[in-house]
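Peer 1: Before we start, here is the structure in question, set down as structure tokens.
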Amino acid sequence: MSAPAIDPVRTPAPAIPARAAKQRATPARFDTALGWSDRPGAGWALRILLCAIALAVFAGPFLTILSGALSKNPSGSSLSFLPHHPTLLNIKVAGERGIWDYFTNSLVIAGGALLLQLAVSVLAAYALARHRFRGQALVLTLFMLTMMLPEEVIAIPLSLVLGHVPVVGIDLKGSVWGVILPLGAWGFSVMLLTEFMKDIPVEIEEAARLDGVGEFRMLWQVILPLCKPALGVAGVLGFVMIWDQYLLPLIASKDPTDYTVTVALSILRTDPEVGSGVVLAGAVIALLPSLIVYLLLQRSLVTGIAAGATKG
């Protein structure tokens, strides 16, 4: 009678300390292309230096403008990151010159134009990305051509059209619609959302259609929630593009009270009764909305850019 087979004794695997396991599961705090490390050394000092240079290049102009706006007598021949004799008088004088009225005009135009631009871009992108029709490539090409025409080329024809809109014969000059409507379609937003919607799996759409989902619900409840990163990118870049408009508000206005804050800065600059500190104060006021929008939507912006960079 043969002896029963005995299983070999298995040596238990050494236990991994909880701290080591956590370090393996958790990525490094600074996970960058430069291989950032928090240990002091030559590489660490070089990266600190590079970050300081980048910070000075990008944040330096903003700090200089802010310093000049808060200085009593800013000097245009020297740069300073700290205000000399800090005061709010420049902001007060800019407000007396009507900067806040121009600021309100810019907010109304930027808000209305951005909502219209996103609505047009979403509808156009949905039709181009999720449907097939004759002349589809031609339509997308026409949207792209709108990005290739400089504003100076279309300024005079656009001024004539705004003064007498064809078919309806309405004069849009002197109203916010004269600025909002021309900014309602932007080729970049259409292209961005179209390419993003094309990557949404068809199986998701087919499953929704089996449940009886129509076109509007398909766009609103299925497609748009998956396009939040792209919408964030289109929202941030679209707002900055609209807010920085200078030529369009200038040709669409009938009276100086119709100007936006970007046009108002040129008025302050040519006013001999105000100094450079008032102009810098107006520039700071004009910078704030773009900065706030970026800070609020920076996560969506970074996520959308990263999603576009890793496609395929």
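As shown in the structure tokens, the chain order sets the letters A, B, ...; within each chain, residues go from 1, and ligands are also counted from 1 in the order they appear.
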Can you tell me which residues surround Leu142 in chain A at a distance of at most 12 Å, considering only C-alpha atoms, apart from same-chain residues fewer than 6 positions away, and format the answer as a ChimeraX atom specification?

Peer 2: /A:135-136,148-149,185-188,190-191

Peer 1: Run DSSP on the backbone and tell me which residues of range 199-280 of chain A come out as helix (DSSP H, G or I); list them as a ChimeraX atom specification.

Peer 2: /A:202-210,215-226,228-243,247-251,256-258,261-270,276-280

Peer 1: What's the separation between CA of Thr87 in chain A and CA of Leu70 in chain A, in Å to one decimal place?

Peer 2: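 A separation of 5.3 Å between them.
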
Peer 1: Got a sec: who's within 8 Å of Ile109 in chain A, counting only C-alpha atoms, leaving out chain neighbours fewer than 5 positions off, as a list in words?

Peer 2: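 Residues near the query, excluding close chain neighbours: Val176, Val179 and Ile180 of chain A.
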
Peer 1: Excluding Ala69 in chain A and residues on its chain fewer than 5 positions from it, collect all residues at most 7 Å away from it, counting only C-alpha atoms, and give them as a PyMOL selection string.

Peer 2: chain A and resi 90+277-278+280-281

Peer 1: Leaving out Leu288 in chain A and any residue of its chain fewer than 4 positions from it, which residues lie within 12 Å of it when counting only C-alpha atoms, given as a PyMOL selection string?

Peer 2: chain A and resi 62+66+103+107+240+243+261+281-284+292-295

Peer 1: So that I can see what lies close to range 192-200 of chain A, please list as a list in words the residues with an atom at most 9 Å from it, counting only C-alpha atoms and leaving out residues fewer than 2 positions away in the same chain.

Peer 2: Ser121, Val122, Ala124, Ala125, Tyr126, Ala127, Leu128, Ala129, Arg130, Gly187, Phe188, Ser189, Val190, Val202, Glu203, Ile204, Glu205, Ile223, Leu224, Leu226, Cys227, Ala230, Leu231, Val233, Ala234, Ala307, Gly308, Lys311 and Gly312 of chain A

Peer 1: Have a look at CA of Glu215 in chain A and CA of Arg134 in chain A and let me know their distance in Å, one decimal.

Peer 2: 19.5 Å
